[in-house]
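Everything below belongs to model-v5.cif, which stores mmCIF, C-alpha atoms (C1' of nucleotides).
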data_structure
#
loop_
_atom_site.label_atom_id
_atom_site.label_comp_id
_atom_site.auth_asym_id
_atom_site.auth_seq_id
_atom_site.Cartn_x
_atom_site.Cartn_y
_atom_site.Cartn_z
CA MET A 1 7.45 2.96 10.51
CA LYS A 2 7.34 3.99 14.17
CA ILE A 3 4.89 2.25 16.48
CA TYR A 4 4.02 3.40 19.98
CA GLU A 5 1.22 3.35 22.51
CA GLU A 6 -0.46 6.41 24.01
CA ASN A 7 -3.81 6.96 25.77
CA ASN A 8 -5.48 3.63 24.93
CA SER A 9 -4.30 3.97 21.33
CA VAL A 10 -1.55 2.59 19.15
CA VAL A 11 0.01 5.08 16.78
CA LEU A 12 1.58 4.07 13.48
CA GLU A 13 3.85 6.80 12.20
CA GLY A 14 4.95 6.80 8.58
CA VAL A 15 3.24 3.56 7.60
CA GLU A 16 3.37 2.96 3.84
CA ASP A 17 0.44 2.12 1.55
CA PHE A 18 -2.28 2.58 4.14
CA ASN A 19 -5.43 4.60 3.54
CA ILE A 20 -8.50 3.89 5.62
CA LYS A 21 -11.04 4.85 2.97
CA HIS A 22 -9.33 2.58 0.45
CA ILE A 23 -9.04 -0.29 2.90
CA PHE A 24 -12.54 -0.20 4.30
CA GLU A 25 -14.42 0.72 1.15
CA CYS A 26 -12.83 -1.53 -1.43
CA GLY A 27 -15.49 -4.15 -0.88
CA GLN A 28 -13.56 -6.67 1.16
CA CYS A 29 -15.25 -6.06 4.51
CA PHE A 30 -18.74 -5.27 5.74
CA ARG A 31 -18.44 -4.37 9.40
CA TRP A 32 -16.46 -1.11 9.33
CA LYS A 33 -18.53 2.06 9.51
CA LYS A 34 -17.44 5.60 8.86
CA GLU A 35 -17.84 8.01 11.79
CA GLU A 36 -18.60 11.72 11.60
CA ASN A 37 -14.91 12.57 11.96
CA GLU A 38 -14.05 10.37 8.95
CA SER A 39 -12.55 7.62 11.12
CA TYR A 40 -13.83 4.04 10.92
CA THR A 41 -15.10 1.83 13.73
CA GLY A 42 -15.51 -1.89 13.41
CA VAL A 43 -15.46 -5.26 15.08
CA ALA A 44 -12.92 -7.95 14.31
CA LYS A 45 -11.55 -10.85 16.30
CA GLY A 46 -14.09 -10.07 19.01
CA LYS A 47 -12.66 -6.56 19.62
CA ILE A 48 -13.91 -3.06 18.90
CA LEU A 49 -11.40 -0.87 17.08
CA ASN A 50 -11.52 2.68 15.76
CA VAL A 51 -9.05 3.70 13.05
CA GLU A 52 -8.25 7.33 12.39
CA GLU A 53 -5.89 9.11 10.01
CA LYS A 54 -4.10 12.34 10.91
CA GLY A 55 -1.39 13.38 8.51
CA ASP A 56 1.16 10.60 8.27
CA LYS A 57 -0.09 9.02 11.49
CA ILE A 58 -2.61 6.22 11.80
CA TYR A 59 -4.31 6.01 15.19
CA LEU A 60 -5.65 2.63 16.23
CA ASN A 61 -7.98 3.69 19.02
CA ASN A 62 -9.38 1.55 21.83
CA THR A 63 -6.48 -0.88 21.84
CA ASN A 64 -2.93 -1.41 23.14
CA LEU A 65 0.45 -2.66 21.98
CA GLU A 66 -0.25 -6.21 23.13
CA ASP A 67 -3.38 -6.52 20.96
CA PHE A 68 -1.61 -4.73 18.14
CA ASN A 69 1.15 -7.30 18.13
CA ASN A 70 -1.20 -10.26 18.57
CA ILE A 71 -4.06 -9.17 16.35
CA TRP A 72 -3.94 -5.94 14.36
CA HIS A 73 -0.48 -6.18 12.85
CA ASP A 74 -1.56 -9.37 11.15
CA TYR A 75 -5.14 -8.23 10.45
CA PHE A 76 -3.94 -5.22 8.48
CA ASP A 77 -1.29 -7.33 6.73
CA LEU A 78 1.47 -4.98 7.88
CA GLY A 79 4.11 -7.60 7.20
CA THR A 80 3.51 -7.37 3.45
CA ASN A 81 5.22 -4.84 1.21
CA TYR A 82 2.42 -3.36 -0.90
CA THR A 83 4.76 -0.94 -2.69
CA GLU A 84 6.47 -3.94 -4.21
CA ILE A 85 3.14 -5.53 -5.19
CA LYS A 86 1.91 -2.32 -6.80
CA ASN A 87 5.15 -1.89 -8.72
CA LYS A 88 4.83 -5.36 -10.19
CA LEU A 89 1.21 -4.70 -11.16
CA LYS A 90 2.10 -1.33 -12.68
CA GLU A 91 4.55 -3.02 -15.01
CA MET A 92 1.79 -5.28 -16.35
CA ASP A 93 -0.34 -2.65 -18.11
CA GLU A 94 -1.60 0.94 -18.09
CA TYR A 95 -4.92 0.08 -16.45
CA LEU A 96 -3.32 -1.44 -13.39
CA ASP A 97 -0.95 1.51 -13.35
CA LYS A 98 -3.95 3.81 -12.97
CA ALA A 99 -5.92 1.53 -10.66
CA THR A 100 -3.03 1.12 -8.20
CA ASP A 101 -2.51 4.89 -8.13
CA PHE A 102 -6.21 5.41 -7.53
CA GLY A 103 -6.49 2.89 -4.68
CA TRP A 104 -2.90 3.31 -3.49
CA GLY A 105 -3.73 2.64 0.16
CA ILE A 106 -5.58 -0.66 -0.23
CA ARG A 107 -4.49 -3.57 1.95
CA ILE A 108 -6.14 -6.96 1.88
CA LEU A 109 -7.31 -7.62 5.43
CA LYS A 110 -6.80 -11.04 6.96
CA GLN A 111 -10.33 -11.65 8.11
CA ASP A 112 -11.98 -14.54 9.94
CA GLN A 113 -12.59 -17.57 7.71
CA TRP A 114 -15.99 -18.47 9.13
CA GLU A 115 -17.20 -14.88 9.07
CA MET A 116 -16.15 -14.57 5.42
CA LEU A 117 -17.96 -17.81 4.58
CA ILE A 118 -21.30 -16.57 5.89
CA SER A 119 -20.79 -12.93 4.82
CA PHE A 120 -20.18 -13.80 1.20
CA ILE A 121 -23.06 -16.28 1.08
CA ILE A 122 -25.17 -13.26 2.05
CA SER A 123 -23.49 -11.21 -0.69
CA SER A 124 -24.84 -13.31 -3.54
CA ASN A 125 -27.15 -11.31 -5.79
CA ASN A 126 -27.29 -8.63 -3.10
CA ARG A 127 -26.22 -5.02 -2.56
CA ILE A 128 -23.42 -3.95 -0.26
CA PRO A 129 -25.58 -1.82 2.12
CA MET A 130 -28.04 -4.71 2.43
CA ILE A 131 -25.22 -7.16 3.11
CA GLN A 132 -23.93 -4.91 5.88
CA LYS A 133 -27.38 -4.65 7.40
CA ALA A 134 -27.93 -8.43 7.39
CA ILE A 135 -24.54 -9.11 9.00
CA ASP A 136 -25.21 -6.48 11.65
CA ASN A 137 -28.58 -8.04 12.40
CA LEU A 138 -27.15 -11.55 12.67
CA SER A 139 -24.43 -10.34 15.02
CA LYS A 140 -26.86 -8.40 17.21
CA LYS A 141 -29.27 -11.31 17.38
CA PHE A 142 -26.93 -14.27 17.78
CA GLY A 143 -23.45 -12.93 18.58
CA LYS A 144 -21.96 -12.03 21.95
CA PHE A 145 -22.21 -8.48 23.26
CA ILE A 146 -18.69 -7.09 23.34
CA GLY A 147 -19.17 -3.60 24.73
CA GLU A 148 -19.84 0.01 23.94
CA TYR A 149 -17.73 2.49 22.07
CA ASN A 150 -18.61 6.12 21.46
CA GLY A 151 -22.15 5.50 22.67
CA LYS A 152 -22.87 2.53 20.40
CA GLU A 153 -23.19 -1.14 21.26
CA TYR A 154 -21.09 -3.72 19.45
CA TYR A 155 -21.57 -7.45 18.96
CA ALA A 156 -19.22 -10.16 17.78
CA PHE A 157 -20.02 -12.14 14.69
CA PRO A 158 -21.83 -15.30 15.86
CA THR A 159 -19.82 -18.51 16.13
CA PRO A 160 -20.88 -21.58 14.09
CA GLN A 161 -22.52 -23.01 17.22
CA GLU A 162 -24.38 -19.79 17.99
CA LEU A 163 -25.62 -19.46 14.43
CA SER A 164 -26.65 -23.10 14.08
CA ARG A 165 -28.94 -22.69 17.06
CA ALA A 166 -30.95 -20.17 15.04
CA SER A 167 -33.90 -21.37 12.96
CA LYS A 168 -34.22 -20.65 9.27
CA GLU A 169 -37.03 -18.23 10.06
CA GLU A 170 -34.94 -16.34 12.61
CA ILE A 171 -32.12 -16.07 10.09
CA ARG A 172 -34.51 -14.75 7.48
CA ALA A 173 -35.82 -12.19 9.95
CA CYS A 174 -32.31 -10.68 9.88
CA GLN A 175 -32.95 -9.60 6.26
CA THR A 176 -30.96 -12.35 4.62
CA GLY A 177 -33.76 -13.03 2.13
CA PHE A 178 -33.74 -16.23 0.12
CA ARG A 179 -30.22 -17.01 1.36
CA ASP A 180 -31.65 -18.08 4.73
CA LYS A 181 -31.56 -21.75 3.75
CA TYR A 182 -27.96 -21.51 2.58
CA ILE A 183 -26.87 -19.93 5.85
CA LYS A 184 -28.76 -22.48 7.93
CA SER A 185 -27.35 -25.39 5.98
CA THR A 186 -23.78 -24.05 6.14
CA ALA A 187 -23.96 -23.18 9.84
CA ASP A 188 -25.25 -26.68 10.62
CA ALA A 189 -22.56 -28.28 8.48
CA VAL A 190 -19.77 -26.38 10.22
CA ALA A 191 -21.18 -26.72 13.75
CA ASN A 192 -22.30 -30.34 13.61
CA ASN A 193 -20.08 -32.09 11.09
CA ASN A 194 -16.98 -30.37 12.37
CA ASP A 195 -16.17 -29.06 8.91
CA ASN A 196 -13.01 -27.30 9.91
CA VAL A 197 -13.10 -24.09 7.92
CA TYR A 198 -10.18 -22.82 9.97
CA GLY A 199 -8.03 -25.58 8.53
CA TYR A 200 -8.72 -24.70 4.90
CA SER A 201 -6.08 -21.96 4.95
CA MET A 202 -3.49 -24.71 5.13
CA LEU A 203 -4.70 -26.33 1.91
CA ASP A 204 -3.49 -25.22 -1.50
CA THR A 205 -5.76 -22.94 -3.50
CA GLU A 206 -7.44 -25.69 -5.54
CA GLN A 207 -8.11 -27.97 -2.56
CA CYS A 208 -9.41 -25.03 -0.55
CA ARG A 209 -11.71 -24.17 -3.45
CA LYS A 210 -13.07 -27.71 -3.66
CA GLU A 211 -13.87 -27.76 0.06
CA LEU A 212 -15.61 -24.38 0.00
CA LEU A 213 -17.73 -25.26 -3.05
CA LYS A 214 -19.29 -28.09 -1.05
CA PHE A 215 -21.23 -25.63 1.07
CA ASN A 216 -24.75 -24.77 0.08
CA GLY A 217 -24.86 -21.24 -1.33
CA VAL A 218 -21.17 -21.16 -2.25
CA GLY A 219 -20.54 -20.94 -6.00
CA PRO A 220 -17.45 -19.82 -7.92
CA LYS A 221 -17.64 -16.11 -7.10
CA VAL A 222 -18.46 -16.46 -3.41
CA CYS A 223 -15.81 -19.15 -3.10
CA ASP A 224 -13.14 -16.88 -4.58
CA CYS A 225 -14.02 -14.07 -2.17
CA ILE A 226 -13.78 -16.32 0.87
CA SER A 227 -10.47 -17.72 -0.38
CA LEU A 228 -9.03 -14.25 -0.97
CA PHE A 229 -10.32 -12.34 2.06
CA GLY A 230 -10.36 -15.13 4.64
CA MET A 231 -7.74 -17.62 3.58
CA GLN A 232 -4.92 -15.64 1.99
CA LYS A 233 -5.32 -17.32 -1.39
CA TYR A 234 -3.98 -14.49 -3.52
CA ASP A 235 -4.00 -16.50 -6.74
CA THR A 236 -7.78 -16.12 -7.04
CA PHE A 237 -9.86 -13.65 -9.02
CA PRO A 238 -13.48 -13.13 -7.92
CA VAL A 239 -15.57 -11.97 -10.88
CA ASP A 240 -18.65 -10.02 -9.88
CA VAL A 241 -20.64 -7.53 -11.95
CA TRP A 242 -18.13 -4.73 -11.34
CA VAL A 243 -15.07 -6.79 -12.16
CA LYS A 244 -16.86 -8.11 -15.23
CA ARG A 245 -17.50 -4.53 -16.35
CA VAL A 246 -13.95 -3.34 -15.82
CA MET A 247 -12.51 -6.43 -17.50
CA GLN A 248 -14.77 -5.99 -20.51
CA GLU A 249 -13.90 -2.32 -20.65
CA PHE A 250 -10.15 -2.86 -20.65
CA TYR A 251 -9.20 -6.45 -21.38
CA VAL A 252 -11.70 -8.83 -22.99
CA ASP A 253 -14.64 -9.08 -25.40
CA GLU A 254 -18.18 -8.12 -24.40
CA ASP A 255 -19.49 -11.67 -24.64
CA MET A 256 -16.80 -13.52 -22.70
CA SER A 257 -18.32 -15.75 -20.00
CA LEU A 258 -17.52 -15.27 -16.32
CA PRO A 259 -15.45 -18.48 -16.00
CA LYS A 260 -13.41 -17.43 -19.02
CA ILE A 261 -12.80 -13.94 -17.65
CA ARG A 262 -11.63 -15.58 -14.44
CA ALA A 263 -9.28 -17.92 -16.30
CA TYR A 264 -7.97 -15.06 -18.40
CA ALA A 265 -7.18 -12.98 -15.31
CA LEU A 266 -5.55 -15.85 -13.43
CA ASP A 267 -3.31 -16.46 -16.41
CA LYS A 268 -2.48 -12.77 -16.88
CA PHE A 269 -2.03 -11.68 -13.25
CA GLY A 270 -0.81 -14.98 -11.78
CA GLU A 271 0.18 -14.93 -8.12
CA LEU A 272 -0.96 -11.33 -7.83
CA ALA A 273 -4.45 -11.88 -9.29
CA GLY A 274 -6.21 -11.24 -5.97
CA PHE A 275 -4.43 -7.92 -5.47
CA ALA A 276 -5.14 -6.90 -9.07
CA GLN A 277 -8.80 -7.72 -8.53
CA GLN A 278 -9.05 -5.45 -5.50
CA TYR A 279 -7.45 -2.45 -7.19
CA LEU A 280 -9.62 -2.97 -10.29
CA PHE A 281 -12.80 -3.44 -8.27
CA TYR A 282 -12.27 -0.27 -6.27
CA TYR A 283 -11.33 1.69 -9.39
CA ALA A 284 -14.37 0.47 -11.33
CA ARG A 285 -16.88 0.92 -8.55
CA GLU A 286 -15.74 4.36 -7.40
CA LEU A 287 -15.63 5.70 -10.97
CA GLY A 288 -18.69 3.81 -12.21
CA ILE A 289 -16.77 2.25 -15.09
CA GLY A 290 -18.94 0.32 -17.55
CA ARG A 291 -22.24 1.67 -16.35
"C1'" DG B 1 -44.34 -1.89 -12.45
"C1'" DT B 2 -39.45 -2.47 -13.80
"C1'" DC B 3 -34.66 -3.00 -13.07
"C1'" DC B 4 -30.72 -4.49 -10.64
"C1'" DA B 5 -27.40 -6.08 -7.10
"C1'" DG B 6 -19.98 -8.41 -5.24
"C1'" DG B 7 -24.89 -15.29 -7.92
"C1'" DG B 8 -26.25 -20.15 -7.07
"C1'" DC B 9 -28.69 -24.20 -8.63
"C1'" DT B 10 -30.37 -27.46 -11.99
"C1'" DC B 11 -30.68 -29.40 -16.16
"C1'" DG B 12 -29.33 -30.85 -20.79
"C1'" DC B 13 -25.63 -31.56 -23.91
"C1'" DG C 1 -16.99 -29.66 -17.94
"C1'" DC C 2 -19.86 -26.06 -20.44
"C1'" DG C 3 -23.87 -22.89 -21.31
"C1'" DA C 4 -28.74 -21.58 -20.79
"C1'" DG C 5 -32.64 -20.97 -18.01
"C1'" DC C 6 -34.61 -20.52 -13.66
"C1'" DC C 7 -34.74 -18.87 -8.98
"C1'" DA C 8 -34.81 -15.24 -5.44
"C1'" DT C 9 -35.29 -10.63 -2.14
"C1'" DG C 10 -35.65 -5.83 -1.32
"C1'" DG C 11 -34.62 -1.15 -2.64
"C1'" DA C 12 -34.46 2.60 -6.13
#

Kindly transcribe the structure held in the file into structure tokens.
Amino acid sequence: MKIYEENNSVVLEGVEDFNIKHIFECGQCFRWKKEENESYTGVAKGKILNVEEKGDKIYLNNTNLEDFNNIWHDYFDLGTNYTEIKNKLKEMDEYLDKATDFGWGIRILKQDQWEMLISFIISSNNRIPMIQKAIDNLSKKFGKFIGEYNGKEYYAFPTPQELSRASKEEIRACQTGFRDKYIKSTADAVANNNDNVYGYSMLDTEQCRKELLKFNGVGPKVCDCISLFGMQKYDTFPVDVWVKRVMQEFYVDEDMSLPKIRAYALDKFGELAGFAQQYLFYYARELGIGR
DNA sequence: GTCCAGGGCTCGC
DNA sequence: GCGAGCCATGGA
């Protein structure tokens, strides 16, 4: 892979296992929006970035080599060999063989722990477009203005302090619905009790899970998503309706409970369970498997 | 009106 | 530690 800077952009030439549609639409993130030219613009780490694909080149627009080295290299998990991961998954069974071919360019982003905590509380019993809307509203209302890009204004995700200053009613006004009380309670807990969510990455998967489950509005599924997308716990397997469908279609009985599906997958996919989950989720959702 | 979404909480065993 | 009900909002 060749990396160089030109015209306020960083170009990645010949990067393996990288497809922007797969990455941004596999359900792991909520703040990346597709532009008219098929590129994606989003906010992460308090910066606005646009990502564009042209042939075998990936253009990271509105950034420079310094930010690439400090932020984006890690954010896009470019230090991990996804070819190797996919090959191991392919050897497991025919369904993963298909799913990894289908979503060949997926990478699990290393996103902000706190942002994942609140985002996936909002996700509970909700739809993806509604989740995106609520997060946008919260950011616009309580986050810092970062700047403009391509004629649009962008805001950072609010910090724990910024969000805890909001009332339950103000949070609800951002279209969070009945989850308003969960968000308020969690924001207060993190801001006031100094619950150090940024330290949970250092804990092992089980300890991390126990800490996250203490928050109001965080159950098994939400907890697994935060662990996987915010804390690099790859030996987790979030089971939502889509994953339940694809698992029942290919692996287990119709009447198996969610906790048992989770246990089954952890046992079967082991250290790679989180990666398997992403490929299966994207495969199931894009193809409408089980509906 | 009915159904459903990247579920969580509470209770009873 | 489980399973079963109950709870909840907004869009299609």

Pairwise distance for atom CA of A:Ile23 and atom CA of A:Lys86, rounded to one decimal in Å: 14.8 Å

Define the interface residues of chain C facing chain A as those within 9 Å, counting only C-alpha atoms (C1' of nucleotides), and report them as a PDB file with C-alpha atoms (C1' of nucleotides), in the frame of the given file.
ATOM      1  C1'  DA C   8     -34.810 -15.240  -5.440  1.00  0.00           C
ATOM      2  C1'  DT C   9     -35.290 -10.630  -2.140  1.00  0.00           C
ATOM      3  C1'  DG C  10     -35.650  -5.830  -1.320  1.00  0.00           C
TER       4       DG C  10
END

Report the closest atom pair, with its distance in Å rounded to one decimal, for each residue of chain B that has an atom no farther than 8 Å from chain A; count only C-alpha atoms (C1' of nucleotides), sort by chain and then rising residue number, and write it as CSV.
residue,atom,partner,partner_atom,distance
B:DA5,C1',A:Asn126,CA,4.7
B:DG6,C1',A:Asp240,CA,5.1
B:DG7,C1',A:Ser124,CA,4.8
B:DG8,C1',A:Gly219,CA,5.9

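The space separating atom CA of A:Glu249 from atom CA of A:Leu280 comes to 11.2 Å.
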
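One finds atom CA of A:Gln278 at 7.9 Å from atom CA of A:Ile106.
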
Target residues per the PyMOL selection byres ((chain A and resi 31) around 8), formatted as a PyMOL selection string: chain A and resi 29-30+32-33+42-43+132+135-136

Residues within 10 Å of C:DG5, all atoms listed in the file, excluding chain neighbours under 2 positions, as a list of chain:residue names: B:DT10, B:DC11, C:DG3, C:DC7

Please reconstruct the missing atoms of stretch 277-288 of chain A (target: all heavy atoms) and return them as a PDB file, in the frame of the given file.
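The file below, out_38.pdb, is the result:
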ATOM      1  N   GLN A 277      -7.339  -7.769  -8.586  1.00  0.00           N
ATOM      2  CA  GLN A 277      -8.800  -7.720  -8.530  1.00  0.00           C
ATOM      3  C   GLN A 277      -9.273  -6.619  -7.605  1.00  0.00           C
ATOM      4  O   GLN A 277     -10.228  -5.914  -7.922  1.00  0.00           O
ATOM      5  CB  GLN A 277      -9.328  -9.086  -8.068  1.00  0.00           C
ATOM      6  CG  GLN A 277     -10.810  -9.285  -8.266  1.00  0.00           C
ATOM      7  CD  GLN A 277     -11.654  -8.839  -7.079  1.00  0.00           C
ATOM      8  OE1 GLN A 277     -11.153  -8.322  -6.094  1.00  0.00           O
ATOM      9  NE2 GLN A 277     -12.947  -9.049  -7.179  1.00  0.00           N
ATOM     10  N   GLN A 278      -8.614  -6.461  -6.459  1.00  0.00           N
ATOM     11  CA  GLN A 278      -9.050  -5.450  -5.500  1.00  0.00           C
ATOM     12  C   GLN A 278      -8.854  -4.033  -6.046  1.00  0.00           C
ATOM     13  O   GLN A 278      -9.720  -3.183  -5.918  1.00  0.00           O
ATOM     14  CB  GLN A 278      -8.290  -5.605  -4.179  1.00  0.00           C
ATOM     15  CG  GLN A 278      -8.931  -6.604  -3.258  1.00  0.00           C
ATOM     16  CD  GLN A 278     -10.379  -6.249  -2.945  1.00  0.00           C
ATOM     17  OE1 GLN A 278     -10.671  -5.446  -2.085  1.00  0.00           O
ATOM     18  NE2 GLN A 278     -11.301  -6.843  -3.685  1.00  0.00           N
ATOM     19  N   TYR A 279      -7.693  -3.782  -6.633  1.00  0.00           N
ATOM     20  CA  TYR A 279      -7.450  -2.450  -7.190  1.00  0.00           C
ATOM     21  C   TYR A 279      -8.442  -2.164  -8.322  1.00  0.00           C
ATOM     22  O   TYR A 279      -8.983  -1.065  -8.430  1.00  0.00           O
ATOM     23  CB  TYR A 279      -6.009  -2.330  -7.703  1.00  0.00           C
ATOM     24  CG  TYR A 279      -4.969  -2.343  -6.604  1.00  0.00           C
ATOM     25  CD1 TYR A 279      -4.069  -3.393  -6.471  1.00  0.00           C
ATOM     26  CD2 TYR A 279      -4.887  -1.290  -5.682  1.00  0.00           C
ATOM     27  CE1 TYR A 279      -3.114  -3.408  -5.457  1.00  0.00           C
ATOM     28  CE2 TYR A 279      -3.934  -1.290  -4.672  1.00  0.00           C
ATOM     29  CZ  TYR A 279      -3.059  -2.356  -4.563  1.00  0.00           C
ATOM     30  OH  TYR A 279      -2.124  -2.365  -3.562  1.00  0.00           O
ATOM     31  N   LEU A 280      -8.697  -3.155  -9.172  1.00  0.00           N
ATOM     32  CA  LEU A 280      -9.620  -2.970 -10.290  1.00  0.00           C
ATOM     33  C   LEU A 280     -11.055  -2.778  -9.814  1.00  0.00           C
ATOM     34  O   LEU A 280     -11.798  -1.950 -10.333  1.00  0.00           O
ATOM     35  CB  LEU A 280      -9.539  -4.152 -11.264  1.00  0.00           C
ATOM     36  CG  LEU A 280      -8.253  -4.243 -12.087  1.00  0.00           C
ATOM     37  CD1 LEU A 280      -8.193  -5.559 -12.863  1.00  0.00           C
ATOM     38  CD2 LEU A 280      -8.128  -3.063 -13.044  1.00  0.00           C
ATOM     39  N   PHE A 281     -11.443  -3.546  -8.818  1.00  0.00           N
ATOM     40  CA  PHE A 281     -12.800  -3.440  -8.270  1.00  0.00           C
ATOM     41  C   PHE A 281     -13.042  -2.043  -7.713  1.00  0.00           C
ATOM     42  O   PHE A 281     -14.048  -1.396  -8.017  1.00  0.00           O
ATOM     43  CB  PHE A 281     -13.027  -4.491  -7.168  1.00  0.00           C
ATOM     44  CG  PHE A 281     -14.369  -4.360  -6.467  1.00  0.00           C
ATOM     45  CD1 PHE A 281     -15.491  -4.993  -6.973  1.00  0.00           C
ATOM     46  CD2 PHE A 281     -14.497  -3.607  -5.307  1.00  0.00           C
ATOM     47  CE1 PHE A 281     -16.722  -4.871  -6.343  1.00  0.00           C
ATOM     48  CE2 PHE A 281     -15.729  -3.478  -4.673  1.00  0.00           C
ATOM     49  CZ  PHE A 281     -16.844  -4.115  -5.198  1.00  0.00           C
ATOM     50  N   TYR A 282     -12.113  -1.581  -6.900  1.00  0.00           N
ATOM     51  CA  TYR A 282     -12.270  -0.270  -6.270  1.00  0.00           C
ATOM     52  C   TYR A 282     -12.297   0.840  -7.320  1.00  0.00           C
ATOM     53  O   TYR A 282     -13.126   1.742  -7.281  1.00  0.00           O
ATOM     54  CB  TYR A 282     -11.114  -0.043  -5.280  1.00  0.00           C
ATOM     55  CG  TYR A 282     -11.238   1.238  -4.488  1.00  0.00           C
ATOM     56  CD1 TYR A 282     -12.239   1.394  -3.545  1.00  0.00           C
ATOM     57  CD2 TYR A 282     -10.355   2.292  -4.700  1.00  0.00           C
ATOM     58  CE1 TYR A 282     -12.366   2.573  -2.826  1.00  0.00           C
ATOM     59  CE2 TYR A 282     -10.462   3.469  -3.981  1.00  0.00           C
ATOM     60  CZ  TYR A 282     -11.475   3.604  -3.043  1.00  0.00           C
ATOM     61  OH  TYR A 282     -11.593   4.768  -2.340  1.00  0.00           O
ATOM     62  N   TYR A 283     -11.408   0.729  -8.274  1.00  0.00           N
ATOM     63  CA  TYR A 283     -11.330   1.690  -9.390  1.00  0.00           C
ATOM     64  C   TYR A 283     -12.642   1.722 -10.156  1.00  0.00           C
ATOM     65  O   TYR A 283     -13.225   2.790 -10.379  1.00  0.00           O
ATOM     66  CB  TYR A 283     -10.180   1.247 -10.310  1.00  0.00           C
ATOM     67  CG  TYR A 283      -9.808   2.199 -11.417  1.00  0.00           C
ATOM     68  CD1 TYR A 283      -9.385   3.490 -11.139  1.00  0.00           C
ATOM     69  CD2 TYR A 283      -9.832   1.786 -12.743  1.00  0.00           C
ATOM     70  CE1 TYR A 283      -9.009   4.348 -12.163  1.00  0.00           C
ATOM     71  CE2 TYR A 283      -9.458   2.631 -13.772  1.00  0.00           C
ATOM     72  CZ  TYR A 283      -9.045   3.922 -13.466  1.00  0.00           C
ATOM     73  OH  TYR A 283      -8.673   4.762 -14.479  1.00  0.00           O
ATOM     74  N   ALA A 284     -13.146   0.569 -10.523  1.00  0.00           N
ATOM     75  CA  ALA A 284     -14.370   0.470 -11.330  1.00  0.00           C
ATOM     76  C   ALA A 284     -15.582   0.975 -10.560  1.00  0.00           C
ATOM     77  O   ALA A 284     -16.406   1.723 -11.081  1.00  0.00           O
ATOM     78  CB  ALA A 284     -14.590  -0.979 -11.771  1.00  0.00           C
ATOM     79  N   ARG A 285     -15.681   0.583  -9.309  1.00  0.00           N
ATOM     80  CA  ARG A 285     -16.880   0.920  -8.550  1.00  0.00           C
ATOM     81  C   ARG A 285     -16.915   2.392  -8.190  1.00  0.00           C
ATOM     82  O   ARG A 285     -17.949   3.039  -8.285  1.00  0.00           O
ATOM     83  CB  ARG A 285     -16.943   0.050  -7.274  1.00  0.00           C
ATOM     84  CG  ARG A 285     -18.214   0.237  -6.495  1.00  0.00           C
ATOM     85  CD  ARG A 285     -18.532  -0.971  -5.635  1.00  0.00           C
ATOM     86  NE  ARG A 285     -19.690  -0.700  -4.804  1.00  0.00           N
ATOM     87  CZ  ARG A 285     -19.608  -0.211  -3.566  1.00  0.00           C
ATOM     88  NH1 ARG A 285     -18.416   0.024  -3.030  1.00  0.00           N
ATOM     89  NH2 ARG A 285     -20.687   0.019  -2.874  1.00  0.00           N
ATOM     90  N   GLU A 286     -15.775   2.948  -7.781  1.00  0.00           N
ATOM     91  CA  GLU A 286     -15.740   4.360  -7.400  1.00  0.00           C
ATOM     92  C   GLU A 286     -15.983   5.268  -8.613  1.00  0.00           C
ATOM     93  O   GLU A 286     -16.605   6.312  -8.486  1.00  0.00           O
ATOM     94  CB  GLU A 286     -14.379   4.710  -6.778  1.00  0.00           C
ATOM     95  CG  GLU A 286     -14.152   4.091  -5.403  1.00  0.00           C
ATOM     96  CD  GLU A 286     -15.000   4.735  -4.306  1.00  0.00           C
ATOM     97  OE1 GLU A 286     -15.093   5.969  -4.273  1.00  0.00           O
ATOM     98  OE2 GLU A 286     -15.568   3.972  -3.493  1.00  0.00           O
ATOM     99  N   LEU A 287     -15.483   4.867  -9.785  1.00  0.00           N
ATOM    100  CA  LEU A 287     -15.630   5.700 -10.970  1.00  0.00           C
ATOM    101  C   LEU A 287     -16.832   5.323 -11.824  1.00  0.00           C
ATOM    102  O   LEU A 287     -17.142   5.989 -12.803  1.00  0.00           O
ATOM    103  CB  LEU A 287     -14.353   5.612 -11.824  1.00  0.00           C
ATOM    104  CG  LEU A 287     -13.073   6.132 -11.158  1.00  0.00           C
ATOM    105  CD1 LEU A 287     -11.911   6.084 -12.128  1.00  0.00           C
ATOM    106  CD2 LEU A 287     -13.258   7.560 -10.636  1.00  0.00           C
ATOM    107  N   GLY A 288     -17.518   4.222 -11.446  1.00  0.00           N
ATOM    108  CA  GLY A 288     -18.690   3.810 -12.210  1.00  0.00           C
ATOM    109  C   GLY A 288     -18.346   3.353 -13.617  1.00  0.00           C
ATOM    110  O   GLY A 288     -19.107   3.580 -14.552  1.00  0.00           O
TER     111      GLY A 288
END
